[in-house]
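*Asks:* Have a look at the structure that comes next, please.
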Amino acid sequence: MTTATETPDAAEADALIDRALKLPPAERERVGLAVLGSLGAPPNSDADRGYWKAEIARRIEAVRNGTMKTYTLDETMDYLQRVVDEGPST
């Protein structure tokens, strides 16, 4: 895997990614989870709860003011049935 970036850190990241992708799936998962875990607050932390509380409030407001598209249960079930019948879109 290579990128168009030319910094030493980007080159090192590309080399790490290439090496990680050659690992067995269980080890790739371990590496991925370790990297993801380093990016922010652990799940269910106060910061995580605060983020989701704000996100829920934002979504509720978007539904109330009409800027978020909503679907009825029947529309959702019809869509899910089409996905099952046709398979996921690519």
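Starting from 1 in every chain, residues are counted up; chains themselves are A, B, ... following the order of the structure tokens, and ligands are numbered from 1 as listed.
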Check the DSSP output for the backbone and give back, as JSON, numbers by chain, the residues of chain A in helix (DSSP H, G or I).

*Replies:* {"A": [8, 9, 10, 11, 12, 13, 14, 15, 16, 17, 18, 19, 20, 21, 25, 26, 27, 28, 29, 30, 31, 32, 33, 34, 35, 36, 37, 46, 47, 48, 49, 50, 51, 52, 53, 54, 55, 56, 57, 58, 59, 60, 61, 62, 63, 64, 73, 74, 75, 76, 77, 78, 79, 80, 81, 82, 83, 84, 85, 86]}

*Asks:* Would you write out those residues with C-alpha atoms, as an mmCIF file, in the first residue's frame?

*Replies:*
```cif
data_model
loop_
_atom_site.group_PDB
_atom_site.id
_atom_site.type_symbol
_atom_site.label_atom_id
_atom_site.label_comp_id
_atom_site.auth_asym_id
_atom_site.auth_seq_id
_atom_site.Cartn_x
_atom_site.Cartn_y
_atom_site.Cartn_z
ATOM 1 C CA PRO A 8 8.683 10.389 6.748
ATOM 2 C CA ASP A 9 5.726 9.686 9.058
ATOM 3 C CA ALA A 10 3.489 8.851 6.091
ATOM 4 C CA ALA A 11 6.119 6.513 4.671
ATOM 5 C CA GLU A 12 6.473 4.819 8.050
ATOM 6 C CA ALA A 13 2.697 4.499 8.334
ATOM 7 C CA ASP A 14 2.517 2.956 4.855
ATOM 8 C CA ALA A 15 5.234 0.445 5.810
ATOM 9 C CA LEU A 16 3.382 -0.452 9.026
ATOM 10 C CA ILE A 17 0.125 -0.891 7.145
ATOM 11 C CA ASP A 18 1.810 -3.140 4.578
ATOM 12 C CA ARG A 19 3.287 -5.265 7.376
ATOM 13 C CA ALA A 20 0.022 -5.388 9.332
ATOM 14 C CA LEU A 21 -1.960 -6.520 6.281
ATOM 15 C CA PRO A 25 -6.662 -12.094 10.776
ATOM 16 C CA ALA A 26 -6.553 -12.431 14.579
ATOM 17 C CA GLU A 27 -3.323 -10.460 14.785
ATOM 18 C CA ARG A 28 -4.625 -7.802 12.355
ATOM 19 C CA GLU A 29 -7.665 -7.424 14.602
ATOM 20 C CA ARG A 30 -5.419 -7.050 17.650
ATOM 21 C CA VAL A 31 -3.333 -4.364 15.937
ATOM 22 C CA GLY A 32 -6.409 -2.565 14.620
ATOM 23 C CA LEU A 33 -8.123 -2.490 17.991
ATOM 24 C CA ALA A 34 -4.977 -1.209 19.669
ATOM 25 C CA VAL A 35 -4.648 1.603 17.128
ATOM 26 C CA LEU A 36 -8.345 2.514 17.291
ATOM 27 C CA GLY A 37 -8.247 2.466 21.070
ATOM 28 C CA ASP A 46 -17.870 10.134 30.323
ATOM 29 C CA ALA A 47 -16.528 11.720 27.113
ATOM 30 C CA ASP A 48 -18.132 8.970 25.017
ATOM 31 C CA ARG A 49 -21.489 9.397 26.767
ATOM 32 C CA GLY A 50 -21.268 13.158 26.303
ATOM 33 C CA TYR A 51 -20.578 12.729 22.592
ATOM 34 C CA TRP A 52 -23.548 10.412 22.100
ATOM 35 C CA LYS A 53 -25.842 12.591 24.193
ATOM 36 C CA ALA A 54 -25.002 15.559 21.945
ATOM 37 C CA GLU A 55 -25.361 13.412 18.803
ATOM 38 C CA ILE A 56 -28.792 12.166 19.872
ATOM 39 C CA ALA A 57 -29.911 15.735 20.593
ATOM 40 C CA ARG A 58 -28.615 16.824 17.160
ATOM 41 C CA ARG A 59 -30.512 14.030 15.418
ATOM 42 C CA ILE A 60 -33.738 14.719 17.316
ATOM 43 C CA GLU A 61 -33.522 18.372 16.321
ATOM 44 C CA ALA A 62 -32.857 17.415 12.681
ATOM 45 C CA VAL A 63 -35.984 15.241 12.637
ATOM 46 C CA ARG A 64 -38.045 17.977 14.294
ATOM 47 C CA LEU A 73 -41.537 1.021 9.464
ATOM 48 C CA ASP A 74 -43.131 -0.292 6.255
ATOM 49 C CA GLU A 75 -40.560 1.558 4.088
ATOM 50 C CA THR A 76 -37.742 0.176 6.195
ATOM 51 C CA MET A 77 -39.063 -3.375 6.093
ATOM 52 C CA ASP A 78 -39.561 -3.151 2.301
ATOM 53 C CA TYR A 79 -35.971 -1.952 1.889
ATOM 54 C CA LEU A 80 -34.607 -4.722 4.101
ATOM 55 C CA GLN A 81 -36.583 -7.328 2.186
ATOM 56 C CA ARG A 82 -35.146 -6.020 -1.114
ATOM 57 C CA VAL A 83 -31.625 -6.270 0.322
ATOM 58 C CA VAL A 84 -32.280 -9.860 1.379
ATOM 59 C CA ASP A 85 -33.791 -10.729 -2.008
ATOM 60 C CA GLU A 86 -31.221 -8.915 -4.175
#
```
